[in-house]
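What's in start-v6.txt: compact mmCIF, C-alpha atoms
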# COMPACT_ATOMS: atom_id res chain seq x y z
CA MET F 265 92.41 84.09 97.32
CA SER F 266 96.02 83.26 96.69
CA GLY F 267 99.34 84.08 98.29
CA LEU F 268 100.73 82.76 101.54
CA ILE F 269 98.08 83.38 104.21
CA VAL F 270 99.57 82.85 107.68
CA PRO F 271 97.42 82.86 110.82
CA PHE F 272 99.14 84.37 113.87
CA ASN F 273 98.16 85.16 117.44
CA GLY F 274 94.54 84.15 116.86
CA PHE F 275 94.13 86.24 113.69
CA VAL F 276 93.73 85.03 110.13
CA PRO F 277 94.22 87.59 107.34
CA GLN F 278 90.86 88.71 105.92
CA VAL F 279 90.74 89.28 102.16
CA HIS F 280 87.72 90.54 100.21
CA SER F 281 86.70 88.20 97.38
CA THR F 282 87.36 90.89 94.74
CA ALA F 283 90.97 91.51 95.88
CA PHE F 284 93.91 90.10 93.95
CA ILE F 285 96.67 88.58 96.09
CA ALA F 286 99.72 87.49 94.07
CA PRO F 287 100.73 83.85 94.59
CA ASN F 288 103.96 84.79 96.37
CA ALA F 289 102.61 87.71 98.41
CA THR F 290 102.57 87.02 102.16
CA LEU F 291 99.83 88.12 104.57
CA ILE F 292 100.45 87.36 108.23
CA GLY F 293 98.14 87.72 111.23
CA GLU F 294 95.86 90.71 111.68
CA VAL F 295 95.61 91.95 108.08
CA GLU F 296 92.45 93.21 106.34
CA ILE F 297 92.34 93.69 102.57
CA ALA F 298 89.27 95.53 101.20
CA ALA F 299 87.42 95.22 97.89
CA ASN F 300 89.28 95.61 94.59
CA CYS F 301 92.71 95.84 96.21
CA SER F 302 95.78 94.29 94.70
CA ILE F 303 98.73 92.96 96.67
CA TRP F 304 101.50 92.25 94.17
CA PHE F 305 104.36 89.79 93.84
CA GLY F 306 106.73 89.52 96.76
CA ALA F 307 104.85 91.95 98.99
CA VAL F 308 104.86 91.12 102.72
CA LEU F 309 102.20 92.43 105.12
CA ARG F 310 103.03 91.30 108.65
CA GLY F 311 100.28 92.17 111.12
CA ASP F 312 101.68 90.46 114.18
CA GLY F 313 100.65 93.24 116.53
CA PRO F 314 97.73 95.64 116.29
CA GLY F 315 97.18 95.02 112.57
CA ILE F 316 97.24 96.30 109.02
CA ARG F 317 94.27 97.62 107.04
CA ILE F 318 94.31 98.26 103.30
CA GLY F 319 91.38 100.29 101.96
CA GLU F 320 89.24 99.70 98.89
CA ASN F 321 90.86 100.04 95.44
CA SER F 322 94.39 100.40 96.83
CA ASN F 323 97.41 98.66 95.37
CA ILE F 324 100.51 97.45 97.18
CA GLN F 325 103.11 96.86 94.51
CA ASP F 326 105.86 94.28 94.14
CA GLY F 327 108.37 93.88 96.95
CA THR F 328 106.65 96.25 99.37
CA VAL F 329 106.90 95.54 103.10
CA ILE F 330 104.20 96.71 105.51
CA HIS F 331 104.60 96.18 109.25
CA ILE F 332 103.41 97.54 112.59
CA ALA F 333 105.15 98.68 115.78
CA ALA F 334 105.34 96.31 118.72
CA ARG F 335 104.18 99.10 121.01
CA GLY F 336 100.69 98.94 119.50
CA VAL F 337 100.83 101.16 116.40
CA CYS F 338 99.03 99.71 113.40
CA THR F 339 99.49 100.57 109.73
CA VAL F 340 96.50 101.89 107.81
CA VAL F 341 96.36 102.51 104.07
CA GLY F 342 93.23 104.30 102.91
CA ARG F 343 91.16 103.99 99.74
CA ASN F 344 92.50 104.53 96.21
CA VAL F 345 96.14 104.57 97.32
CA THR F 346 99.07 103.53 95.14
CA VAL F 347 102.10 102.18 97.01
CA GLY F 348 105.01 101.81 94.58
CA HIS F 349 107.43 98.93 94.19
CA LEU F 350 109.77 98.18 97.12
CA ALA F 351 108.20 100.70 99.49
CA LEU F 352 108.37 100.25 103.26
CA LEU F 353 105.42 101.33 105.41
CA HIS F 354 106.02 100.90 109.13
CA ALA F 355 103.41 101.74 111.79
CA CYS F 356 102.09 104.71 109.82
CA GLU F 357 98.92 106.08 108.21
CA VAL F 358 98.45 106.71 104.51
CA GLN F 359 95.11 108.40 103.90
CA ASP F 360 92.76 108.14 100.91
CA ASP F 361 93.94 109.07 97.41
CA ALA F 362 97.61 109.40 98.43
CA PHE F 363 100.57 108.21 96.37
CA ILE F 364 103.67 106.52 97.81
CA GLY F 365 106.57 106.39 95.34
CA MET F 366 108.80 103.44 94.57
CA HIS F 367 111.46 102.51 97.11
CA SER F 368 110.23 105.10 99.60
CA THR F 369 109.96 104.64 103.36
CA VAL F 370 107.28 105.95 105.73
CA LEU F 371 108.17 105.38 109.38
CA ASP F 372 106.44 105.11 112.75
CA GLU F 373 103.44 107.36 113.39
CA ALA F 374 104.01 109.41 110.24
CA VAL F 375 100.82 110.48 108.45
CA ILE F 376 100.47 110.95 104.72
CA GLU F 377 97.27 112.96 104.39
CA THR F 378 94.60 112.62 101.69
CA GLY F 379 95.92 113.51 98.25
CA ALA F 380 99.55 113.87 99.34
CA MET F 381 102.57 112.30 97.64
CA VAL F 382 105.83 110.80 98.87
CA ALA F 383 108.37 110.78 96.03
CA ALA F 384 110.35 107.75 94.94
CA GLY F 385 113.22 107.02 97.32
CA ALA F 386 112.03 109.46 99.99
CA VAL F 387 112.28 108.70 103.72
CA VAL F 388 109.48 110.16 105.84
CA THR F 389 110.83 110.09 109.38
CA PRO F 390 108.78 109.19 112.47
CA ARG F 391 105.82 111.40 113.41
CA LYS F 392 106.10 113.68 110.36
CA ILE F 393 102.89 114.79 108.67
CA VAL F 394 102.80 115.16 104.91
CA ARG F 395 99.87 117.55 104.55
CA LYS F 396 97.07 117.27 102.02
CA GLY F 397 98.20 118.46 98.63
CA GLU F 398 101.96 118.32 99.34
CA LEU F 399 104.80 116.46 97.62
CA TRP F 400 107.67 115.42 99.88
CA ALA F 401 111.02 114.07 98.68
CA GLY F 402 114.54 113.39 99.92
CA ASN F 403 116.20 111.70 102.88
CA PRO F 404 114.98 112.88 105.26
CA ALA F 405 111.91 113.89 103.28
CA VAL F 406 110.89 117.56 103.19
CA LYS F 407 108.19 119.44 101.33
CA MET F 408 109.23 120.10 97.74
CA ARG F 409 106.09 121.67 96.31
CA ASP F 410 102.31 121.62 96.25
CA ILE F 411 100.44 118.96 94.29
CA ASN F 412 98.68 120.20 91.16
CA GLU F 413 95.60 118.94 89.33
CA LYS F 414 97.78 116.98 86.87
CA ASP F 415 99.34 115.09 89.81
CA ILE F 416 95.93 114.33 91.32
CA GLU F 417 94.66 112.99 88.00
CA SER F 418 97.78 110.82 87.73
CA PHE F 419 97.08 109.36 91.20
CA ARG F 420 93.51 108.54 90.16
CA ARG F 421 94.64 106.91 86.91
CA SER F 422 97.23 104.81 88.74
CA ALA F 423 94.77 103.49 91.32
CA ALA F 424 92.14 102.73 88.66
CA ALA F 425 94.68 101.02 86.39
CA TYR F 426 95.78 98.73 89.21
CA VAL F 427 92.17 97.84 90.03
CA ARG F 428 91.72 96.80 86.38
CA LEU F 429 95.01 94.90 86.28
CA GLY F 430 94.22 93.06 89.51
CA GLN F 431 90.82 92.06 88.11
CA ARG F 432 92.52 90.73 84.96
CA TYR F 433 94.83 88.60 87.11
CA LEU F 434 91.83 87.31 89.07
CA ALA F 435 90.00 86.44 85.86
CA ASP F 436 93.01 84.52 84.52
CA ARG F 437 93.49 82.48 87.70
CA PRO F 438 92.61 78.79 87.30
CA LYS F 439 89.56 77.94 89.39
CA ALA F 440 91.47 75.13 91.15
CA ALA F 441 93.87 77.72 92.61
CA GLU F 442 91.16 79.23 94.79
Output the file's structure in the form of structure tokens.
Amino acid sequence: MSGLIVPFNGFVPQVHSTAFIAPNATLIGEVEIAANCSIWFGAVLRGDGPGIRIGENSNIQDGTVIHIAARGVCTVVGRNVTVGHLALLHACEVQDDAFIGMHSTVLDEAVIETGAMVAAGAVVTPRKIVRKGELWAGNPAVKMRDINEKDIESFRRSAAAYVRLGQRYLADRPKAAE
């Protein structure tokens, strides 16, 4: 494990041994990182309330911020999810095999269903549901089109590529750093 791991409110972030945590990523409080995940440089996951869960094979890219709502709403990211650079996930749910574009925002109690996509720069406002197989874009985000098989394959390739890259970073880490 690497990164800044900060206990808070009786919780210590839990990280699976196969996950890559960048040295300057920050995990605070009630945070769970599953197998083969990667949490990249400058990402901050602050679980100082109900918590944050990141599912197996998901990647949280550089500069992303993930937080919860003080009123008891956690943030859950499912399996095989790509969260692009500089995204903001706040008290929301991103289901399996979804794709969150760079510099996008997903706000309180919004749900990004399995296989859905939020485009780069989009803002998904509170309590919106991006349905399975939909692409949403804009500010505020609205449905632009349906996802096609080429998109789905791209999501799979992205998640798998980040699993491989995270494993390469783990393999290159000096043993003393663990």
Which residue gives the smallest distance to F:Arg343 among F:Asn288, F:Asn300, F:Thr328, F:Ser281, with all atoms listed in the file counted?
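Using all atoms listed in the file, F:Arg343 sits closest to F:Asn300.
Across the model, the gap from atom CA of F:Asp372 to atom CA of F:Arg391 is 6.4 Å.
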May I have the residues within 8 Å of stretch 410-421 of chain F as a list of chain:residue names, using only C-alpha atoms and disregarding those fewer than 5 positions away in the same chain?
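The filter keeps F:Asn344, F:Val345, F:Thr346, F:Asp361, F:Ala362, F:Phe363, F:Gly379, F:Ala380, F:Met381, F:Gly397, F:Glu398, F:Leu399.
Comparing the minimum interatomic distances between F:Val375 and each of F:Gly348, F:Gly342, F:Gly319, F:Gly402, counting only C-alpha atoms, we find that F:Gly342 sits nearest.
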To one decimal place in Å, what is the distance between atom CA of F:Arg409 and atom CA of F:Leu350?
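Distance between the two atoms: 23.8 Å.
Atom CA of F:Ala383 to atom CA of F:Arg395 spans 13.8 Å [interatomic distance, one decimal].
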F:Gly336 surroundings by only C-alpha atoms, 10 Å radius, close-in-sequence under 3 positions cut, as an MDAnalysis selection string
chainID F and resid 313:315 332:333 339 355
For the selection just defined, write its residues with C-alpha atoms to a file, as a short mmCIF file (atom, residue, chain, number, x, y, z; two decimals), in the coordinates of the input.
data_model
loop_
_atom_site.label_atom_id
_atom_site.label_comp_id
_atom_site.auth_asym_id
_atom_site.auth_seq_id
_atom_site.Cartn_x
_atom_site.Cartn_y
_atom_site.Cartn_z
CA GLY F 313 100.65 93.24 116.53
CA PRO F 314 97.73 95.64 116.29
CA GLY F 315 97.18 95.02 112.57
CA ILE F 332 103.41 97.54 112.59
CA ALA F 333 105.15 98.68 115.78
CA THR F 339 99.49 100.57 109.73
CA ALA F 355 103.41 101.74 111.79
#
Using all atoms listed in the file, determine which residues lie at most 10 Å from F:Glu357, disregarding the query and same-chain residues fewer than 6 positions distant; provide the list as an MDAnalysis selection string.
chainID F and resid 316:317 337:342 370:377 393
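Considering the residues F:Phe275, F:Lys392, F:Asn321, F:Asp312 and counting only C-alpha atoms, F:Asp360 has its shortest atom-to-atom contact with F:Asn321.
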Would you kindly return, as a PyMOL selection string, each protein, DNA or RNA residue with an atom no farther than 9 Å from any atom of F:Ala351, considering all atoms listed in the file and excluding same-chain residues fewer than 4 positions away?
chain F and resi 324-330+347+364-370+384-385
Residues at most 10 Å from F:Val276, counting all atoms listed in the file, excluding those fewer than 4 positions away in the same chain, as number ranges by chain?
F: 269-272, 291-296, 311
Among the residues F:Val382, F:Leu353, F:Glu320, F:Gly430, the one that comes closest to F:Trp304 [using only C-alpha atoms]:
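Comparing F:Val382, F:Leu353, F:Glu320, F:Gly430 against F:Trp304, the winner is F:Gly430.
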